[in-house]
file structure_37.txt (compact mmCIF, C-alpha atoms and all ligand atoms)
# COMPACT_ATOMS: atom_id res chain seq x y z
CA MET A 1465 81.32 80.44 75.82
CA GLY A 1466 80.01 80.84 72.27
CA LYS A 1467 78.38 77.42 72.50
CA LYS A 1468 76.71 78.37 75.77
CA SER A 1469 75.25 81.58 74.36
CA VAL A 1470 73.85 79.72 71.32
CA LYS A 1471 72.25 77.20 73.64
CA SER A 1472 70.76 79.83 75.95
CA ARG A 1473 69.35 81.71 72.96
CA SER A 1474 67.93 78.74 71.19
CA VAL A 1475 65.72 77.44 74.02
CA PRO A 1476 63.62 80.56 74.46
CA ALA A 1477 63.42 80.92 70.70
CA ARG A 1478 61.79 77.49 70.41
CA LEU A 1479 59.46 78.26 73.29
CA LYS A 1480 58.57 81.55 71.68
CA ASN A 1481 57.61 79.86 68.47
CA GLN A 1482 55.41 77.50 70.35
CA THR A 1483 53.69 80.20 72.33
CA THR A 1484 53.05 82.48 69.36
CA GLU A 1485 51.44 79.62 67.39
CA ALA A 1486 49.66 78.16 70.41
CA SER A 1487 46.38 80.06 70.06
CA SER A 1488 45.70 78.97 66.42
CA ALA A 1489 47.17 75.44 66.70
CA PRO A 1490 44.08 73.32 67.66
CA THR A 1491 41.82 74.63 64.86
CA ALA A 1492 44.61 74.54 62.27
CA PHE A 1493 45.59 71.06 63.35
CA VAL A 1494 41.99 69.82 63.24
CA SER A 1495 41.28 71.33 59.83
CA HIS A 1496 44.61 70.05 58.43
CA SER A 1497 43.98 66.59 59.69
CA LYS A 1498 40.43 66.71 58.33
CA VAL A 1499 41.79 67.60 54.88
CA LEU A 1500 44.46 64.94 55.19
CA PHE A 1501 41.87 62.40 56.30
CA THR A 1502 39.58 63.29 53.38
CA ILE A 1503 42.44 63.03 50.87
CA LEU A 1504 43.58 59.71 52.32
CA SER A 1505 40.04 58.32 52.32
CA ALA A 1506 39.57 59.39 48.70
CA LEU A 1507 42.90 57.83 47.79
CA PHE A 1508 42.00 54.66 49.62
CA ALA A 1509 38.62 54.49 47.87
CA LEU A 1510 40.28 55.03 44.49
CA LEU A 1511 42.81 52.33 45.22
CA ALA A 1512 40.06 49.94 46.34
CA ILE A 1513 38.09 50.64 43.15
CA TYR A 1514 41.24 50.17 41.09
CA PHE A 1515 42.15 46.87 42.72
CA TYR A 1516 38.57 45.59 42.67
CA SER A 1517 38.10 46.49 39.02
CA SER A 1518 41.50 45.13 38.03
CA GLU A 1519 40.65 41.93 39.89
CA THR A 1520 37.31 41.81 38.07
CA ARG A 1521 39.06 42.62 34.81
CA ARG A 1522 41.53 39.84 35.40
CA GLU A 1523 38.67 37.45 36.14
CA ASP A 1524 36.83 38.65 33.06
CA ASP A 1525 39.99 38.26 30.96
CA SER A 1526 40.51 34.70 32.09
CA LEU A 1527 36.86 33.98 31.34
CA THR A 1528 37.19 35.54 27.88
CA ARG A 1529 40.25 33.41 27.17
CA LEU A 1530 38.50 30.30 28.40
CA LEU A 1531 35.49 30.99 26.20
CA GLU A 1532 37.57 31.39 23.04
CA ASN A 1533 36.45 28.74 20.56
CA ARG A 1534 33.99 27.34 23.09
CA SER A 1535 30.25 27.70 23.23
CA LEU A 1536 28.09 28.01 26.31
CA ASP A 1537 25.01 27.14 24.24
CA THR A 1538 25.27 23.45 24.86
CA ILE A 1539 27.31 20.73 26.54
CA ASP A 1540 29.55 18.43 24.51
CA ARG A 1541 28.06 14.93 24.46
CA ARG A 1542 30.83 12.46 23.59
CA SER A 1543 31.13 8.73 23.12
CA ASP A 1544 34.18 6.66 22.31
CA LEU A 1545 36.31 9.44 23.79
CA SER A 1546 39.92 8.39 24.29
CA LEU A 1547 41.71 9.25 27.52
CA GLU A 1548 44.19 11.36 25.51
CA GLU A 1549 41.43 13.42 23.93
CA TYR A 1550 39.63 13.80 27.26
CA THR A 1551 42.85 15.02 28.88
CA SER A 1552 43.71 17.49 26.15
CA LEU A 1553 40.21 18.90 25.58
CA TYR A 1554 38.27 18.57 28.80
CA ASP A 1555 40.10 17.52 31.96
CA GLY A 1556 40.56 20.60 34.16
CA LYS A 1557 39.16 22.81 31.38
CA TRP A 1558 35.69 22.15 30.08
CA PRO A 1559 32.76 19.95 31.15
CA VAL A 1560 31.65 16.98 29.09
CA LEU A 1561 28.89 14.39 29.15
CA ILE A 1562 30.07 10.90 28.29
CA THR A 1563 27.25 8.82 26.89
CA ASP A 1564 28.92 5.39 26.87
CA ALA A 1565 31.03 5.30 30.04
CA MET A 1566 28.41 3.47 32.13
CA ASN A 1567 27.38 0.79 29.64
CA ASP A 1568 28.94 -1.99 31.73
CA TRP A 1569 27.60 -0.84 35.13
CA PRO A 1570 25.32 -3.46 36.71
CA ALA A 1571 23.79 -0.61 38.76
CA LEU A 1572 22.08 0.74 35.64
CA SER A 1573 19.73 -2.22 35.43
CA LYS A 1574 19.82 -3.47 39.05
CA TRP A 1575 19.27 -0.34 41.12
CA ASP A 1576 15.62 0.44 41.62
CA TRP A 1577 13.21 0.71 44.54
CA SER A 1578 12.58 -3.01 44.92
CA TYR A 1579 16.34 -3.74 44.91
CA PHE A 1580 17.04 -1.14 47.60
CA LEU A 1581 13.95 -1.74 49.75
CA ASN A 1582 14.47 -5.52 49.86
CA ARG A 1583 17.99 -5.10 51.10
CA TYR A 1584 18.04 -1.82 52.97
CA GLY A 1585 14.41 -0.76 53.57
CA ASP A 1586 14.93 -0.14 57.28
CA HIS A 1587 18.44 1.29 56.95
CA LEU A 1588 18.88 4.94 57.76
CA VAL A 1589 19.87 7.47 55.14
CA ALA A 1590 21.00 11.09 55.32
CA MET A 1591 18.25 13.15 53.73
CA LYS A 1592 17.99 16.85 53.00
CA ALA A 1593 14.47 18.20 53.58
CA VAL A 1594 13.42 21.58 52.26
CA HIS A 1595 10.27 23.49 53.01
CA GLY A 1596 10.45 26.95 51.50
CA LYS A 1597 13.72 28.18 50.06
CA LEU A 1598 16.80 26.08 49.37
CA THR A 1599 18.50 27.86 52.27
CA ASP A 1600 15.77 26.57 54.64
CA SER A 1601 17.04 23.01 54.47
CA GLN A 1602 17.75 20.54 57.22
CA MET A 1603 19.60 17.24 57.19
CA LEU A 1604 17.64 14.35 58.69
CA SER A 1605 18.28 10.69 59.23
CA VAL A 1606 15.32 8.60 58.04
CA PRO A 1607 14.71 4.96 57.10
CA LEU A 1608 14.96 4.42 53.36
CA ASN A 1609 11.39 3.01 53.26
CA VAL A 1610 10.04 6.23 54.75
CA PHE A 1611 11.76 8.27 52.06
CA SER A 1612 10.43 5.92 49.36
CA LYS A 1613 6.85 6.21 50.67
CA HIS A 1614 6.91 9.97 50.12
CA VAL A 1615 9.08 10.10 47.03
CA HIS A 1616 6.20 11.28 44.83
CA GLU A 1617 5.02 13.95 47.22
CA SER A 1618 6.95 17.07 46.37
CA SER A 1619 6.43 20.58 45.10
CA PRO A 1620 8.75 23.42 44.01
CA THR A 1621 9.01 24.48 47.65
CA THR A 1622 8.74 21.17 49.52
CA TRP A 1623 11.02 18.34 48.57
CA THR A 1624 13.47 15.79 49.92
CA TYR A 1625 16.82 14.58 48.69
CA ILE A 1626 18.99 11.71 49.89
CA ASN A 1627 22.53 13.13 49.97
CA ASP A 1628 24.37 10.31 51.66
CA GLU A 1629 28.17 10.22 51.54
CA LEU A 1630 28.55 6.99 53.50
CA PHE A 1631 25.68 4.73 52.37
CA ILE A 1632 27.59 3.19 49.45
CA PRO A 1633 31.10 3.16 50.98
CA PHE A 1634 29.66 1.28 54.00
CA ARG A 1635 28.00 -1.30 51.73
CA PRO A 1636 30.83 -2.60 49.52
CA GLU A 1637 28.43 -4.91 47.68
CA LEU A 1638 26.89 -1.80 46.10
CA SER A 1639 30.30 -0.57 44.94
CA LEU A 1640 30.57 -3.77 42.90
CA ASP A 1641 27.69 -2.52 40.74
CA ILE A 1642 29.72 0.53 39.69
CA ARG A 1643 32.83 0.74 37.51
CA ARG A 1644 35.50 3.42 37.51
CA PRO A 1645 35.71 4.85 33.96
CA ILE A 1646 39.14 5.46 32.37
CA TYR A 1647 38.72 9.22 32.86
CA MET A 1648 38.85 8.67 36.63
CA GLU A 1649 41.60 6.09 36.80
CA GLU A 1650 44.43 8.44 37.82
CA ASP A 1651 43.33 9.46 41.31
CA TYR A 1652 45.78 10.81 43.89
CA PHE A 1653 43.18 10.75 46.68
CA LYS A 1654 44.07 7.05 46.87
CA LEU A 1655 47.59 8.09 47.95
CA LEU A 1656 46.24 9.76 51.11
CA PRO A 1657 45.99 7.72 54.32
CA LYS A 1658 42.71 5.77 54.21
CA GLU A 1659 41.33 7.78 57.13
CA LEU A 1660 41.74 11.03 55.19
CA GLN A 1661 40.49 10.01 51.78
CA PRO A 1662 37.28 11.83 50.90
CA TRP A 1663 34.25 9.57 51.10
CA ASP A 1664 33.76 8.21 47.63
CA THR A 1665 30.50 7.69 45.75
CA MET A 1666 27.73 9.77 47.28
CA LEU A 1667 24.19 8.42 46.93
CA LEU A 1668 21.87 11.07 45.45
CA TRP A 1669 18.21 10.12 45.35
CA GLY A 1670 15.83 13.01 45.02
CA THR A 1671 12.17 13.79 44.57
CA SER A 1672 11.14 16.06 41.72
CA HIS A 1673 12.20 19.67 42.38
CA SER A 1674 15.06 18.54 44.62
CA ARG A 1675 18.37 20.22 43.94
CA SER A 1676 21.89 20.78 45.15
CA SER A 1677 23.24 24.16 46.18
CA LEU A 1678 25.31 26.19 43.74
CA HIS A 1679 28.84 25.27 44.74
CA ILE A 1680 32.38 24.33 43.91
CA ASP A 1681 33.28 20.86 45.10
CA PRO A 1682 35.39 20.23 48.20
CA TYR A 1683 39.13 20.76 47.53
CA ASN A 1684 38.01 22.14 44.15
CA TRP A 1685 38.38 18.62 42.80
CA THR A 1686 37.15 17.39 39.42
CA GLY A 1687 33.62 16.17 40.08
CA THR A 1688 31.73 13.35 38.42
CA ASN A 1689 28.02 12.64 38.39
CA ALA A 1690 26.39 9.50 36.99
CA VAL A 1691 22.62 9.40 36.48
CA LEU A 1692 21.05 5.97 36.89
CA LYS A 1693 17.35 6.83 36.81
CA GLY A 1694 15.46 10.01 35.95
CA ARG A 1695 17.01 13.22 34.64
CA LYS A 1696 19.06 16.09 35.96
CA ARG A 1697 19.14 19.67 34.80
CA TRP A 1698 22.44 21.44 35.31
CA LYS A 1699 23.84 24.95 35.38
CA LEU A 1700 27.62 25.05 35.13
CA PHE A 1701 29.53 28.31 35.54
CA PRO A 1702 32.99 28.73 33.98
CA PRO A 1703 35.66 29.94 36.42
CA GLY A 1704 36.42 33.63 36.97
CA GLN A 1705 32.91 34.64 38.05
CA ASP A 1706 33.12 34.41 41.84
CA HIS A 1707 32.40 38.15 42.06
CA LEU A 1708 28.94 37.52 40.53
CA LEU A 1709 27.99 34.48 42.58
CA TYR A 1710 27.74 35.68 46.20
CA VAL A 1711 30.02 33.01 47.56
CA ILE A 1712 29.72 32.39 51.30
CA ARG A 1713 33.19 32.60 52.84
CA GLY A 1714 34.64 30.87 55.85
CA GLN A 1715 32.66 27.62 55.71
CA HIS A 1716 34.34 24.25 56.16
CA CYS A 1717 33.62 21.09 54.19
CA GLY A 1718 33.45 18.72 57.17
CA PHE A 1719 35.47 16.02 55.43
CA PRO A 1720 37.96 13.86 57.36
CA LEU A 1721 40.78 16.05 56.01
CA ASP A 1722 39.37 19.53 56.45
CA CYS A 1723 38.93 21.95 53.57
CA PHE A 1724 37.04 25.15 52.87
CA LYS A 1725 33.59 25.00 51.35
CA TYR A 1726 32.56 27.36 48.56
CA ASN A 1727 28.80 27.59 48.35
CA SER A 1728 26.85 30.40 46.75
CA GLU A 1729 23.91 32.08 48.45
CA VAL A 1730 22.08 32.04 45.13
CA ASP A 1731 19.70 29.29 44.04
CA ALA A 1732 20.51 29.37 40.31
CA PHE A 1733 17.18 27.65 39.55
CA ASP A 1734 15.16 30.22 41.48
CA PRO A 1735 17.42 33.27 41.85
CA ASP A 1736 16.34 36.22 43.96
CA LEU A 1737 17.62 38.90 41.57
CA GLU A 1738 16.67 41.81 43.79
CA ARG A 1739 18.90 40.45 46.46
CA TYR A 1740 21.59 39.12 44.10
CA PRO A 1741 21.55 41.50 41.10
CA LEU A 1742 25.07 40.68 39.88
CA PHE A 1743 23.97 37.11 39.27
CA THR A 1744 22.21 38.24 36.07
CA GLN A 1745 25.67 38.85 34.54
CA ALA A 1746 26.92 35.34 35.25
CA LYS A 1747 27.47 33.09 32.26
CA TYR A 1748 26.71 29.41 32.36
CA ILE A 1749 25.96 26.27 30.36
CA GLU A 1750 22.53 24.77 30.96
CA PHE A 1751 21.65 21.27 29.85
CA GLU A 1752 20.00 18.00 30.80
CA GLN A 1753 21.71 14.78 31.77
CA LEU A 1754 19.95 11.52 30.96
CA PRO A 1755 20.20 8.05 32.54
CA GLY A 1756 23.45 6.30 31.62
CA GLU A 1757 25.31 9.59 31.08
CA LEU A 1758 28.37 10.50 33.07
CA LEU A 1759 29.11 14.18 33.66
CA LEU A 1760 32.67 15.35 34.34
CA ILE A 1761 32.85 18.79 35.97
CA PRO A 1762 36.26 20.46 35.81
CA THR A 1763 37.97 22.01 38.78
CA GLY A 1764 36.96 25.64 39.32
CA TRP A 1765 33.45 25.40 37.84
CA PHE A 1766 30.56 26.35 40.13
CA HIS A 1767 27.65 24.03 39.47
CA GLN A 1768 24.12 23.29 40.57
CA ALA A 1769 21.85 20.34 39.74
CA TYR A 1770 18.06 20.33 39.69
CA ASN A 1771 15.98 17.16 39.44
CA PRO A 1772 12.84 17.85 37.36
CA GLU A 1773 11.63 14.34 38.21
CA GLU A 1774 12.60 11.66 40.71
CA CYS A 1775 16.26 11.01 40.09
CA LEU A 1776 18.81 8.44 41.27
CA ALA A 1777 22.48 9.25 40.75
CA ILE A 1778 25.90 8.97 42.31
CA SER A 1779 28.72 11.46 42.45
CA SER A 1780 32.43 10.98 42.86
CA GLN A 1781 35.69 12.87 42.48
CA VAL A 1782 39.18 12.96 41.04
CA TYR A 1783 42.53 14.45 42.14
CA ASN A 1784 44.96 14.01 39.27
CA SER A 1785 47.77 15.58 37.25
CA GLN A 1786 45.36 18.11 35.72
CA ASN A 1787 44.14 19.60 39.00
CA VAL A 1788 46.99 18.71 41.35
CA LYS A 1789 48.09 22.31 41.91
CA ILE A 1790 44.61 23.55 42.75
CA VAL A 1791 43.57 20.63 44.96
CA THR A 1792 46.91 20.64 46.81
CA GLU A 1793 46.53 24.38 47.40
CA GLU A 1794 43.06 23.80 48.87
CA ILE A 1795 44.42 21.09 51.18
CA LEU A 1796 47.17 23.43 52.39
CA LYS A 1797 44.94 26.50 52.66
CA VAL A 1798 43.01 25.23 55.64
CA GLY A 1799 46.23 24.52 57.54
CA GLU A 1800 45.90 20.95 58.82
CA VAL A 1801 48.88 20.10 56.64
CA LYS A 1802 51.56 22.77 56.95
CA GLN A 1803 53.01 24.24 53.78
CA ALA A 1804 56.21 25.14 55.69
CA LYS A 1805 56.92 21.44 56.25
CA LEU A 1806 57.07 20.69 52.52
CA PRO A 1807 60.44 20.49 50.76
CA GLN A 1808 61.61 23.85 49.38
CA ASP A 1809 61.63 22.61 45.79
CA PHE A 1810 58.19 20.99 46.19
CA SER A 1811 56.68 22.85 43.24
CA SER A 1812 59.27 21.39 40.87
CA TYR A 1813 58.21 17.83 41.78
CA LYS A 1814 56.15 15.73 39.37
CA PRO A 1815 52.43 15.79 40.27
CA ARG A 1816 52.30 12.33 41.86
CA ASP A 1817 55.53 13.02 43.81
CA GLN A 1818 54.03 16.26 45.13
CA VAL A 1819 51.17 14.30 46.63
CA ALA A 1820 53.58 11.70 48.06
CA ALA A 1821 55.58 14.53 49.67
CA LEU A 1822 52.40 16.06 51.05
CA VAL A 1823 51.37 12.74 52.57
CA LYS A 1824 54.73 12.48 54.35
CA VAL A 1825 54.12 15.66 56.34
CA ILE A 1826 50.57 14.92 57.49
CA PRO A 1827 50.61 14.86 61.30
CA LYS A 1828 49.41 11.65 62.99
CA SER A 1829 46.97 13.72 65.03
CA ILE A 1830 45.21 14.79 61.82
CA ILE A 1831 44.91 11.18 60.67
CA LYS A 1832 43.36 10.29 64.02
CA LYS A 1833 41.00 13.27 63.78
CA GLY A 1834 40.00 12.16 60.27
CA LYS A 1835 38.94 8.77 61.59
CA ASP A 1836 36.94 10.44 64.37
CA VAL A 1837 35.09 12.59 61.82
CA THR A 1838 33.91 9.52 59.88
CA ASP A 1839 33.04 7.61 63.07
CA LYS A 1840 31.02 10.53 64.37
CA ILE A 1841 28.99 10.86 61.17
CA ALA A 1842 28.48 7.10 61.03
CA LYS A 1843 27.16 7.17 64.60
CA GLN A 1844 25.00 10.19 63.92
CA PHE A 1845 23.21 8.24 61.23
CA HIS A 1846 23.13 5.01 63.34
CA ARG A 1847 25.50 3.03 61.24
CA THR A 1848 28.59 1.23 62.38
CA SER A 1849 31.97 2.31 61.11
CA THR A 1850 34.07 -0.25 59.19
O1 LIG B 1 23.30 15.73 41.68
C1 LIG B 1 23.37 16.67 42.45
O2 LIG B 1 22.47 17.00 43.19
C2 LIG B 1 24.63 17.50 42.46
C3 LIG B 1 25.71 16.80 43.15
C4 LIG B 1 26.95 17.60 43.14
O3 LIG B 1 27.05 18.64 42.60
C5 LIG B 1 28.10 17.08 43.83
O4 LIG B 1 28.08 15.93 44.29
O5 LIG B 1 29.08 17.83 43.93
call {"tool": "encode", "arguments": {"input": "structure_37.txt", "output": "structure tokens"}}
result
Amino acid sequence: MGKKSVKSRSVPARLKNQTTEASSAPTAFVSHSKVLFTILSALFALLAIYFYSSETRREDDSLTRLLENRSLDTIDRRSDLSLEEYTSLYDGKWPVLITDAMNDWPALSKWDWSYFLNRYGDHLVAMKAVHGKLTDSQMLSVPLNVFSKHVHESSPTTWTYINDELFIPFRPELSLDIRRPIYMEEDYFKLLPKELQPWDTMLLWGTSHSRSSLHIDPYNWTGTNAVLKGRKRWKLFPPGQDHLLYVIRGQHCGFPLDCFKYNSEVDAFDPDLERYPLFTQAKYIEFEQLPGELLLIPTGWFHQAYNPEECLAISSQVYNSQNVKIVTEEILKVGEVKQAKLPQDFSSYKPRDQVAALVKVIPKSIIKKGKDVTDKIAKQFHRTST
């Protein structure tokens, strides 16, 4: 009985409350939610600023630490550098120009226009052509003798640049003219299935004013660049400055084993500072590389090359114990090789064993796709695949 009376009283009471508040409810609700929305937005904005600035701070801190005892005024030019010293001072840390690593390369004396035109004059090469800004470039396939005919016709806004990843790998006789310096001997890319190894030794032959983009190399590997003729001017940016470099996200590298590509929108040799104002804060080393000098660019360093005169060079890459964590992360990031398939204690493995474990979980379909990528590019440029 008592229970019943409580129940019968409580229902109208609730209804009453609702009806008495009903007339003011919509406006009160709207203004409360407006206030709440404003507070939440402000909080969100504060949090975003906090996280962004702490991220920037962290990046700045790591840059400050990296710059301790190092100077951005000039590049270290070293000769007679032992592998031990290279590993402890430079590999994965700081760029260096080696002045005596190419002394025994036949390419240094053999490679010139008559050598190439006699053998490969009518062979097609992949050539970047720019008319206007660096971003207005297109990749063309042209006979080498056509490129050579126009090699002296260039201006700051109109230039051409052979950027051919396959020309040398498809002509093994040219590889015989190049040696692999001690600094590049440990290379885990060789542990990948042949179909997925990045193409090695890119041919770079540019008119004056030709240049690369500002970029980090595929897989964030350690990059190498050997000048055979002419000169290169470089700008190299220590890591931790991505927030100043207007990096284009979501691009893929197009290599047989896919990876992300990290290119900047900025042409560091002709920056549009109105459009990219933060770029003025970026710190970099600027220097020239001469014929016979080998440049080693550590993982994580954005870099751009500019050829002030006609320049012939080759570039290559290294995946080794000093960059294994970073390169492996880049391979996994894109998802063709699944992180979940790796052993649980993978990170405790020795560097070389990590790569061996990674290789074990590469799906066959990805290996097949890797071969198709190379075949397609070979066909596109009218070559035959090996
Ligand atoms: O010599 C050049 O144009 C730059 C090449 C380069 O940066 C690269 O191969 O990653």
call {"tool": "closest_residue", "arguments": {"input": "structure_37.txt", "among": "A:Val1791, A:Val1730, A:Leu1667, A:Ala1593", "to": "Ser1619 in chain A", "atoms": "all atoms listed in the file"}}
result
A:Ala1593
call {"tool": "residues_near_ligand", "arguments": {"input": "structure_37.txt", "ligand": "ligand LIG 1 (chain B)", "cutoff": "6 Å", "atoms": "all atoms listed in the file", "output": "list in words"}}
result
Arg1675, Ser1676, Asp1681, Gln1768, Ala1769 and Ser1779 of chain A
call {"tool": "write_last_selection", "arguments": {"input": "structure_37.txt", "atoms": "C-alpha atoms", "output": "PDB file, in the coordinates of the input"}}
result
ATOM      1  CA  ARG A1675      18.370  20.220  43.940  1.00  0.00           C
ATOM      2  CA  SER A1676      21.890  20.780  45.150  1.00  0.00           C
ATOM      3  CA  ASP A1681      33.280  20.860  45.100  1.00  0.00           C
ATOM      4  CA  GLN A1768      24.120  23.290  40.570  1.00  0.00           C
ATOM      5  CA  ALA A1769      21.850  20.340  39.740  1.00  0.00           C
ATOM      6  CA  SER A1779      28.720  11.460  42.450  1.00  0.00           C
TER       7      SER A1779
END
call {"tool": "atom_distance", "arguments": {"input": "structure_37.txt", "atom1": "CA of Gln1818 in chain A", "atom2": "CA of Lys1797 in chain A"}}
result
15.6 Å
call {"tool": "residues_around", "arguments": {"input": "structure_37.txt", "residues": "Pro1645 in chain A", "least_positions_apart": "3", "cutoff": "8 Å", "atoms": "all atoms listed in the file", "output": "ChimeraX atom specification"}}
result
/A:1565-1566,1648-1649
call {"tool": "write_last_selection", "arguments": {"input": "structure_37.txt", "atoms": "C-alpha atoms", "output": "PDB file, in the frame of the given file"}}
result
ATOM      1  CA  ALA A1565      31.030   5.300  30.040  1.00  0.00           C
ATOM      2  CA  MET A1566      28.410   3.470  32.130  1.00  0.00           C
ATOM      3  CA  MET A1648      38.850   8.670  36.630  1.00  0.00           C
ATOM      4  CA  GLU A1649      41.600   6.090  36.800  1.00  0.00           C
TER       5      GLU A1649
END
call {"tool": "atom_distance", "arguments": {"input": "structure_37.txt", "atom1": "CA of Tyr1783 in chain A", "atom2": "CA of Phe1653 in chain A"}}
result
5.9 Å
